[in-house]
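Peer 1: I'm passing along upload.txt; it holds compact mmCIF, N, CA and C atoms and all ligand atoms.
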# COMPACT_ATOMS: atom_id res chain seq x y z
N MET A 1 -7.09 -23.76 -48.17
CA MET A 1 -7.36 -24.49 -46.93
C MET A 1 -6.17 -24.38 -45.96
N LYS A 2 -4.96 -24.54 -46.50
CA LYS A 2 -3.78 -24.50 -45.66
C LYS A 2 -3.65 -23.13 -44.98
N LYS A 3 -3.90 -22.09 -45.77
CA LYS A 3 -3.81 -20.72 -45.24
C LYS A 3 -4.72 -20.54 -44.04
N ILE A 4 -5.92 -21.06 -44.20
CA ILE A 4 -6.90 -20.91 -43.12
C ILE A 4 -6.40 -21.63 -41.87
N ASN A 5 -5.80 -22.83 -42.10
CA ASN A 5 -5.28 -23.58 -40.95
C ASN A 5 -4.19 -22.81 -40.23
N ILE A 6 -3.28 -22.19 -41.01
CA ILE A 6 -2.20 -21.42 -40.39
C ILE A 6 -2.78 -20.24 -39.61
N ALA A 7 -3.72 -19.56 -40.26
CA ALA A 7 -4.33 -18.42 -39.59
C ALA A 7 -5.02 -18.86 -38.31
N LEU A 8 -5.69 -19.99 -38.39
CA LEU A 8 -6.41 -20.49 -37.21
C LEU A 8 -5.45 -20.83 -36.08
N SER A 9 -4.35 -21.54 -36.44
CA SER A 9 -3.44 -21.93 -35.37
C SER A 9 -2.74 -20.71 -34.78
N LEU A 10 -2.53 -19.70 -35.62
CA LEU A 10 -1.94 -18.46 -35.10
C LEU A 10 -2.88 -17.83 -34.08
N MET A 11 -4.16 -17.80 -34.44
CA MET A 11 -5.14 -17.20 -33.54
C MET A 11 -5.20 -17.96 -32.22
N VAL A 12 -5.18 -19.29 -32.34
CA VAL A 12 -5.22 -20.11 -31.12
C VAL A 12 -4.00 -19.79 -30.26
N ALA A 13 -2.83 -19.72 -30.92
CA ALA A 13 -1.60 -19.43 -30.18
C ALA A 13 -1.71 -18.07 -29.48
N LEU A 14 -2.24 -17.09 -30.18
CA LEU A 14 -2.37 -15.75 -29.61
C LEU A 14 -3.29 -15.75 -28.39
N VAL A 15 -4.40 -16.46 -28.56
CA VAL A 15 -5.37 -16.51 -27.45
C VAL A 15 -4.71 -17.16 -26.23
N VAL A 16 -3.99 -18.27 -26.49
CA VAL A 16 -3.33 -18.98 -25.39
C VAL A 16 -2.30 -18.08 -24.73
N LEU A 17 -1.49 -17.41 -25.57
CA LEU A 17 -0.44 -16.54 -25.03
C LEU A 17 -1.01 -15.39 -24.21
N SER A 18 -2.01 -14.72 -24.79
CA SER A 18 -2.56 -13.56 -24.07
C SER A 18 -3.26 -14.04 -22.80
N GLY A 19 -3.82 -15.24 -22.87
CA GLY A 19 -4.44 -15.79 -21.67
C GLY A 19 -3.42 -15.95 -20.57
N CYS A 20 -2.23 -16.40 -20.91
CA CYS A 20 -1.17 -16.59 -19.93
C CYS A 20 -0.75 -15.26 -19.33
N ASN A 21 -0.63 -14.25 -20.20
CA ASN A 21 -0.17 -12.95 -19.74
C ASN A 21 -1.13 -12.30 -18.76
N SER A 22 -2.40 -12.47 -19.01
CA SER A 22 -3.37 -11.78 -18.15
C SER A 22 -3.57 -12.50 -16.82
N LYS A 23 -3.04 -13.70 -16.74
CA LYS A 23 -3.17 -14.44 -15.48
C LYS A 23 -2.28 -13.80 -14.41
N PRO A 24 -2.83 -13.43 -13.26
CA PRO A 24 -1.99 -12.81 -12.24
C PRO A 24 -1.02 -13.82 -11.65
N LYS A 25 0.22 -13.36 -11.38
CA LYS A 25 1.23 -14.25 -10.83
C LYS A 25 0.89 -14.61 -9.40
N GLU A 26 0.46 -13.59 -8.64
CA GLU A 26 0.03 -13.88 -7.27
C GLU A 26 -1.45 -13.56 -7.20
N GLU A 27 -2.07 -14.06 -6.20
CA GLU A 27 -3.47 -13.75 -6.02
C GLU A 27 -3.59 -12.25 -5.75
N VAL A 28 -4.46 -11.59 -6.47
CA VAL A 28 -4.60 -10.15 -6.28
C VAL A 28 -5.58 -9.89 -5.15
N LYS A 29 -5.07 -9.17 -4.16
CA LYS A 29 -5.92 -8.86 -3.02
C LYS A 29 -6.74 -7.61 -3.32
N THR A 30 -7.96 -7.66 -2.99
CA THR A 30 -8.77 -6.45 -3.20
C THR A 30 -9.03 -5.79 -1.85
N TYR A 31 -9.08 -4.48 -1.86
CA TYR A 31 -9.26 -3.73 -0.64
C TYR A 31 -10.60 -3.01 -0.66
N LYS A 32 -11.16 -2.90 0.52
CA LYS A 32 -12.49 -2.30 0.66
C LYS A 32 -12.47 -0.82 0.30
N TYR A 33 -11.43 -0.11 0.75
CA TYR A 33 -11.36 1.33 0.49
C TYR A 33 -10.12 1.68 -0.31
N THR A 34 -10.17 2.81 -1.02
CA THR A 34 -8.98 3.28 -1.72
C THR A 34 -8.03 3.89 -0.68
N THR A 35 -6.77 4.06 -1.07
CA THR A 35 -5.79 4.64 -0.13
C THR A 35 -6.23 6.04 0.30
N ASP A 36 -6.83 6.77 -0.61
CA ASP A 36 -7.31 8.12 -0.32
C ASP A 36 -8.33 8.09 0.82
N VAL A 37 -9.30 7.18 0.71
CA VAL A 37 -10.33 7.06 1.74
C VAL A 37 -9.71 6.58 3.05
N VAL A 38 -8.83 5.58 2.96
CA VAL A 38 -8.18 5.07 4.18
C VAL A 38 -7.44 6.21 4.87
N TYR A 39 -6.66 6.98 4.11
CA TYR A 39 -5.89 8.05 4.74
C TYR A 39 -6.80 9.06 5.40
N LYS A 40 -7.78 9.55 4.65
CA LYS A 40 -8.64 10.62 5.17
C LYS A 40 -9.48 10.17 6.36
N GLU A 41 -9.90 8.92 6.34
CA GLU A 41 -10.78 8.47 7.42
C GLU A 41 -10.02 7.95 8.64
N THR A 42 -8.76 7.60 8.47
CA THR A 42 -8.03 7.03 9.61
C THR A 42 -6.70 7.75 9.88
N CYS A 43 -5.78 7.68 8.97
CA CYS A 43 -4.42 8.19 9.18
C CYS A 43 -4.41 9.70 9.46
N LEU A 44 -5.25 10.43 8.77
CA LEU A 44 -5.29 11.90 8.87
C LEU A 44 -5.44 12.36 10.33
N HIS A 45 -6.27 11.67 11.04
CA HIS A 45 -6.55 11.90 12.44
C HIS A 45 -5.24 12.04 13.25
N CYS A 46 -4.27 11.25 12.95
CA CYS A 46 -3.01 11.28 13.70
C CYS A 46 -1.85 11.90 12.92
N HIS A 47 -1.86 11.77 11.62
CA HIS A 47 -0.71 12.27 10.85
C HIS A 47 -0.96 13.59 10.15
N GLY A 48 -2.16 14.12 10.29
CA GLY A 48 -2.46 15.44 9.75
C GLY A 48 -2.89 15.45 8.30
N ALA A 49 -3.57 16.56 7.91
CA ALA A 49 -4.11 16.69 6.56
C ALA A 49 -3.03 16.78 5.50
N LYS A 50 -1.80 17.13 5.93
CA LYS A 50 -0.70 17.21 4.96
C LYS A 50 0.42 16.24 5.31
N GLY A 51 0.12 15.29 6.18
CA GLY A 51 1.14 14.33 6.59
C GLY A 51 2.20 14.97 7.48
N GLU A 52 1.83 16.12 8.08
CA GLU A 52 2.80 16.89 8.86
C GLU A 52 2.98 16.37 10.29
N GLY A 53 2.14 15.41 10.70
CA GLY A 53 2.23 14.89 12.06
C GLY A 53 1.39 15.71 13.02
N VAL A 54 1.00 15.09 14.13
CA VAL A 54 0.18 15.78 15.13
C VAL A 54 0.86 15.63 16.48
N ALA A 55 1.33 16.75 17.03
CA ALA A 55 2.11 16.72 18.26
C ALA A 55 1.37 16.03 19.41
N GLU A 56 0.09 16.38 19.60
CA GLU A 56 -0.67 15.79 20.73
C GLU A 56 -0.76 14.27 20.63
N LYS A 57 -0.73 13.76 19.40
CA LYS A 57 -0.84 12.31 19.20
C LYS A 57 0.54 11.65 19.19
N LYS A 58 1.57 12.47 19.32
CA LYS A 58 2.96 11.98 19.24
C LYS A 58 3.20 11.26 17.92
N SER A 59 2.43 11.63 16.91
CA SER A 59 2.61 10.96 15.61
C SER A 59 3.54 11.79 14.73
N PRO A 60 4.51 11.13 14.14
CA PRO A 60 5.54 11.82 13.37
C PRO A 60 5.02 12.33 12.02
N ALA A 61 5.74 13.30 11.47
CA ALA A 61 5.47 13.75 10.10
C ALA A 61 5.85 12.62 9.17
N ILE A 62 5.03 12.40 8.16
CA ILE A 62 5.38 11.38 7.17
C ILE A 62 5.51 12.02 5.79
N ASN A 63 5.61 13.35 5.78
CA ASN A 63 5.67 14.06 4.49
C ASN A 63 7.10 14.36 4.02
N LYS A 64 8.08 13.80 4.75
CA LYS A 64 9.46 14.01 4.30
C LYS A 64 10.15 12.70 3.97
N LEU A 65 9.39 11.62 4.04
CA LEU A 65 9.98 10.31 3.76
C LEU A 65 9.92 10.00 2.27
N SER A 66 10.93 9.30 1.80
CA SER A 66 10.95 8.88 0.39
C SER A 66 9.99 7.71 0.21
N ILE A 67 9.69 7.38 -1.04
CA ILE A 67 8.81 6.23 -1.28
C ILE A 67 9.39 4.98 -0.64
N GLN A 68 10.72 4.79 -0.78
CA GLN A 68 11.36 3.60 -0.21
C GLN A 68 11.22 3.57 1.30
N GLU A 69 11.45 4.73 1.93
CA GLU A 69 11.33 4.78 3.40
C GLU A 69 9.90 4.49 3.84
N LEU A 70 8.95 5.04 3.09
CA LEU A 70 7.55 4.79 3.41
C LEU A 70 7.21 3.31 3.25
N GLU A 71 7.66 2.73 2.14
CA GLU A 71 7.39 1.31 1.91
C GLU A 71 7.96 0.45 3.03
N MET A 72 9.21 0.76 3.42
CA MET A 72 9.84 -0.03 4.48
C MET A 72 9.11 0.14 5.80
N ALA A 73 8.76 1.39 6.13
CA ALA A 73 8.05 1.64 7.38
C ALA A 73 6.69 0.93 7.37
N LEU A 74 5.98 1.02 6.26
CA LEU A 74 4.65 0.40 6.19
C LEU A 74 4.75 -1.12 6.22
N PHE A 75 5.80 -1.65 5.56
CA PHE A 75 6.01 -3.10 5.60
C PHE A 75 6.24 -3.54 7.04
N ASP A 76 7.09 -2.80 7.72
CA ASP A 76 7.39 -3.09 9.12
C ASP A 76 6.12 -3.03 9.96
N ILE A 77 5.36 -1.98 9.74
CA ILE A 77 4.12 -1.78 10.50
C ILE A 77 3.12 -2.92 10.27
N LYS A 78 2.99 -3.34 9.02
CA LYS A 78 1.99 -4.37 8.72
C LYS A 78 2.47 -5.78 8.99
N ASN A 79 3.79 -5.98 9.05
CA ASN A 79 4.29 -7.34 9.23
C ASN A 79 4.98 -7.56 10.56
N GLY A 80 4.95 -6.56 11.42
CA GLY A 80 5.53 -6.72 12.74
C GLY A 80 7.02 -6.95 12.70
N GLY A 81 7.74 -6.08 12.03
CA GLY A 81 9.20 -6.18 12.00
C GLY A 81 9.70 -6.40 10.60
N LEU A 82 10.92 -5.94 10.36
CA LEU A 82 11.53 -6.11 9.05
C LEU A 82 12.39 -7.36 9.07
N GLY A 83 11.99 -8.37 8.34
CA GLY A 83 12.79 -9.58 8.23
C GLY A 83 13.19 -10.15 9.57
N GLN A 84 14.51 -10.29 9.77
CA GLN A 84 15.00 -10.97 10.97
C GLN A 84 14.98 -10.10 12.23
N SER A 85 14.95 -8.78 12.05
CA SER A 85 15.05 -7.91 13.23
C SER A 85 13.94 -8.24 14.22
N THR A 86 14.32 -8.41 15.46
CA THR A 86 13.33 -8.78 16.47
C THR A 86 12.66 -7.53 17.04
N ALA A 87 13.46 -6.51 17.32
CA ALA A 87 12.89 -5.29 17.88
C ALA A 87 12.24 -4.50 16.75
N SER A 88 11.13 -3.86 17.06
CA SER A 88 10.45 -3.05 16.06
C SER A 88 10.42 -1.60 16.50
N GLU A 89 10.58 -0.71 15.55
CA GLU A 89 10.54 0.71 15.88
C GLU A 89 9.12 1.26 15.79
N HIS A 90 8.21 0.42 15.37
CA HIS A 90 6.87 0.92 15.09
C HIS A 90 5.78 0.22 15.90
N GLU A 91 6.09 -0.01 17.18
CA GLU A 91 5.13 -0.77 17.98
C GLU A 91 3.77 -0.11 18.09
N VAL A 92 3.75 1.21 18.29
CA VAL A 92 2.47 1.92 18.42
C VAL A 92 1.68 1.77 17.13
N MET A 93 2.37 2.03 16.05
CA MET A 93 1.73 2.00 14.74
C MET A 93 1.28 0.58 14.37
N GLU A 94 2.05 -0.41 14.77
CA GLU A 94 1.64 -1.80 14.49
C GLU A 94 0.31 -2.10 15.17
N HIS A 95 0.22 -1.62 16.40
CA HIS A 95 -1.02 -1.81 17.16
C HIS A 95 -2.18 -1.09 16.46
N ASN A 96 -1.93 0.17 16.06
CA ASN A 96 -2.95 0.94 15.34
C ASN A 96 -3.40 0.20 14.09
N MET A 97 -2.41 -0.33 13.36
CA MET A 97 -2.70 -0.95 12.07
C MET A 97 -3.54 -2.21 12.24
N LYS A 98 -3.28 -2.98 13.30
CA LYS A 98 -4.09 -4.18 13.56
C LYS A 98 -5.55 -3.78 13.72
N LYS A 99 -5.76 -2.72 14.51
CA LYS A 99 -7.13 -2.23 14.75
C LYS A 99 -7.78 -1.76 13.44
N LEU A 100 -7.00 -1.02 12.65
CA LEU A 100 -7.54 -0.50 11.39
C LEU A 100 -7.88 -1.63 10.42
N THR A 101 -7.02 -2.64 10.37
CA THR A 101 -7.28 -3.77 9.48
C THR A 101 -8.56 -4.48 9.89
N GLU A 102 -8.74 -4.62 11.20
CA GLU A 102 -9.97 -5.26 11.69
C GLU A 102 -11.21 -4.50 11.24
N LYS A 103 -11.06 -3.18 11.13
CA LYS A 103 -12.21 -2.37 10.72
C LYS A 103 -12.34 -2.27 9.20
N GLY A 104 -11.45 -2.98 8.48
CA GLY A 104 -11.55 -2.99 7.03
C GLY A 104 -10.68 -1.95 6.35
N TYR A 105 -9.92 -1.18 7.15
CA TYR A 105 -9.07 -0.14 6.55
C TYR A 105 -7.69 -0.69 6.22
N ASP A 106 -7.69 -1.74 5.42
CA ASP A 106 -6.41 -2.31 5.00
C ASP A 106 -6.01 -1.65 3.68
N TYR A 107 -4.75 -1.77 3.32
CA TYR A 107 -4.30 -1.15 2.07
C TYR A 107 -3.08 -1.87 1.53
N ASP A 108 -2.80 -1.62 0.27
CA ASP A 108 -1.61 -2.18 -0.36
C ASP A 108 -0.43 -1.27 0.01
N ILE A 109 0.67 -1.86 0.46
CA ILE A 109 1.82 -1.08 0.95
C ILE A 109 2.36 -0.13 -0.12
N LYS A 110 2.58 -0.66 -1.32
CA LYS A 110 3.13 0.17 -2.39
C LYS A 110 2.16 1.30 -2.75
N ALA A 111 0.88 0.98 -2.81
CA ALA A 111 -0.11 1.98 -3.18
C ALA A 111 -0.17 3.08 -2.12
N MET A 112 -0.09 2.70 -0.84
CA MET A 112 -0.17 3.71 0.22
C MET A 112 1.11 4.56 0.24
N ALA A 113 2.27 3.93 0.08
CA ALA A 113 3.52 4.69 0.05
C ALA A 113 3.48 5.69 -1.10
N ASN A 114 2.99 5.24 -2.22
CA ASN A 114 2.88 6.10 -3.39
C ASN A 114 1.90 7.25 -3.15
N TYR A 115 0.79 6.94 -2.53
CA TYR A 115 -0.22 7.96 -2.23
C TYR A 115 0.36 9.03 -1.29
N ILE A 116 0.97 8.59 -0.20
CA ILE A 116 1.52 9.53 0.78
C ILE A 116 2.59 10.40 0.12
N PHE A 117 3.45 9.75 -0.65
CA PHE A 117 4.54 10.49 -1.28
C PHE A 117 4.02 11.52 -2.29
N THR A 118 3.16 11.07 -3.19
CA THR A 118 2.72 12.00 -4.24
C THR A 118 1.79 13.08 -3.70
N THR A 119 1.08 12.81 -2.62
CA THR A 119 0.15 13.80 -2.09
C THR A 119 0.84 14.80 -1.17
N PHE A 120 1.79 14.33 -0.34
CA PHE A 120 2.31 15.21 0.71
C PHE A 120 3.78 15.58 0.61
N ASN A 121 4.57 14.79 -0.14
CA ASN A 121 6.01 15.00 0.00
C ASN A 121 6.46 16.40 -0.36
N GLN A 122 7.31 16.93 0.50
CA GLN A 122 7.77 18.31 0.38
C GLN A 122 9.05 18.42 -0.44
N ALA A 123 9.76 17.33 -0.51
CA ALA A 123 11.09 17.38 -1.15
C ALA A 123 11.04 17.13 -2.65
N LYS A 124 9.83 17.06 -3.20
CA LYS A 124 9.65 16.77 -4.63
C LYS A 124 10.42 17.73 -5.52
C1 LIG B 201 -3.93 6.69 16.62
C2 LIG B 201 -2.94 7.49 15.89
C3 LIG B 201 -2.41 6.98 14.56
C4 LIG B 201 -3.12 6.56 13.44
C5 LIG B 201 -4.62 6.42 13.29
C6 LIG B 201 -2.14 6.28 12.42
N1 LIG B 201 -0.88 6.49 12.89
FE1 LIG B 201 0.87 6.18 11.87
N2 LIG B 201 1.95 6.57 13.57
C7 LIG B 201 1.41 6.98 14.79
C8 LIG B 201 2.48 7.08 15.77
C9 LIG B 201 2.31 7.50 17.23
C10 LIG B 201 3.68 6.74 15.10
C11 LIG B 201 5.11 6.70 15.66
C12 LIG B 201 5.35 5.48 16.54
C13 LIG B 201 5.35 4.20 15.78
O1 LIG B 201 5.78 4.15 14.61
O2 LIG B 201 4.93 3.18 16.35
C14 LIG B 201 3.30 6.42 13.71
C15 LIG B 201 4.19 6.06 12.70
C16 LIG B 201 3.87 5.91 11.37
C17 LIG B 201 4.82 5.69 10.30
C18 LIG B 201 6.32 5.57 10.45
C19 LIG B 201 6.99 6.90 10.28
C20 LIG B 201 8.50 6.78 10.37
O3 LIG B 201 9.16 7.82 10.29
O4 LIG B 201 9.02 5.66 10.50
C21 LIG B 201 4.11 5.61 9.13
C22 LIG B 201 4.67 5.41 7.73
C23 LIG B 201 2.72 5.75 9.49
N3 LIG B 201 2.59 5.93 10.85
C24 LIG B 201 1.68 5.67 8.58
C25 LIG B 201 0.34 5.63 8.93
C26 LIG B 201 -0.73 5.33 8.00
C27 LIG B 201 -0.55 5.03 6.52
C28 LIG B 201 -1.89 5.36 8.73
C29 LIG B 201 -3.29 5.06 8.26
C30 LIG B 201 -3.52 3.75 7.66
C31 LIG B 201 -1.54 5.70 10.10
N4 LIG B 201 -0.18 5.84 10.18
C32 LIG B 201 -2.46 5.84 11.14
C33 LIG B 201 0.09 7.23 15.04
C34 LIG B 201 -0.98 6.92 14.20
Using structure tokens, write down the structure that the file contains.
Peer 2:
Amino acid sequence: MKKINIALSLMVALVVLSGCNSKPKEEVKTYKYTTDVVYKETCLHCHGAKGEGVAEKKSPAINKLSIQELEMALFDIKNGGLGQSTASEHEVMEHNMKKLTEKGYDYDIKAMANYIFTTFNQAK
């Protein structure tokens, strides 16, 4: 009988523990489209099929930026400035991003930086 009790309480403890682990720390945001779809349907138009940039659109190449640079740029673009800095270097892109978000083309910053880097980066 005692053995069964120990086994039972162990199982209960395991269930409780694993339950805690699987609980997300922050609310997980879900996105309508994958980064691949977002890029191809929106960003590609201005940044090119290889992230090389499009001169007529005055859009820069994004295929030479590191993951960190991409994350920072995307954070700036989506949040209207980096931390305390008042001036933004990405005003055009911030405006673009607001429009894209309204149309449902939102994305996770880390996922998009990772997608752009692994798909296009030349310095790999
Ligand atoms: C209508 C054209 C247009 C579209 C669509 C567009 N961009 Fe841009 N993007 C620009 C222009 C122009 C700039 C440079 C000026 C600026 O940053 O405001 C830029 C800048 C950027 C930068 C900063 C590059 C750097 O060196 O700092 C990143 C990163 C970027 N875009 C990513 C994206 C992603 C990801 C998408 C799709 C979700 C996207 N852009 C869609 C025109 C566009």
Peer 1: Return as JSON, numbers by chain the residues of protein, DNA or RNA that approach ligand LIG 201 (chain B) to within 5 Å, with all atoms listed in the file taken into account.
Peer 2: {"A": [42, 43, 46, 57, 58, 59, 60, 73, 74, 89, 90, 91, 92, 93, 94]}
Peer 1: Using only C-alpha atoms, which residue out of A:Phe75, A:Gly81, A:Ala49, A:Tyr33 lies closest to Ala113 in chain A?
Peer 2: A:Phe75
Peer 1: List every protein, DNA or RNA residue with an atom no more than 7 Å from (3.0, 0.8, 2.0) in the file's coordinates, counting only N, CA and C atoms, and format the result as a ChimeraX atom specification.
Peer 2: /A:70-75,107-114
Peer 1: Find the distance between CA of Glu56 in chain A and CA of Asn121 in chain A and write it in Å to one decimal.
Peer 2: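 CA of Asn121 in chain A lies 21.8 Å from CA of Glu56 in chain A.
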Peer 1: What separation in Å, quoted to one decimal, exists between CA of Asp36 in chain A and CA of Thr118 in chain A?
Peer 2: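 Between CA of Asp36 in chain A and CA of Thr118 in chain A the gap works out to 11.4 Å.
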Peer 1: Between atom N of Gln122 in chain A and atom N of Gly104 in chain A, what is the spacing in Å?
Peer 2: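 Straight-line distance from atom N of Gly104 in chain A to atom N of Gln122 in chain A works out to 28.5 Å.
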Peer 1: So which bits of range 52-91 of chain A end up alpha helix (DSSP H) when you DSSP the backbone, as a list in words?
Peer 2: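 Taking range 52-91 of chain A and keeping alpha helix (DSSP H) only, one gets Ile67, Gln68, Glu69, Leu70, Glu71, Met72, Ala73, Leu74, Phe75, Asp76, Ile77, Lys78, Asn79 and Glu91 of chain A.
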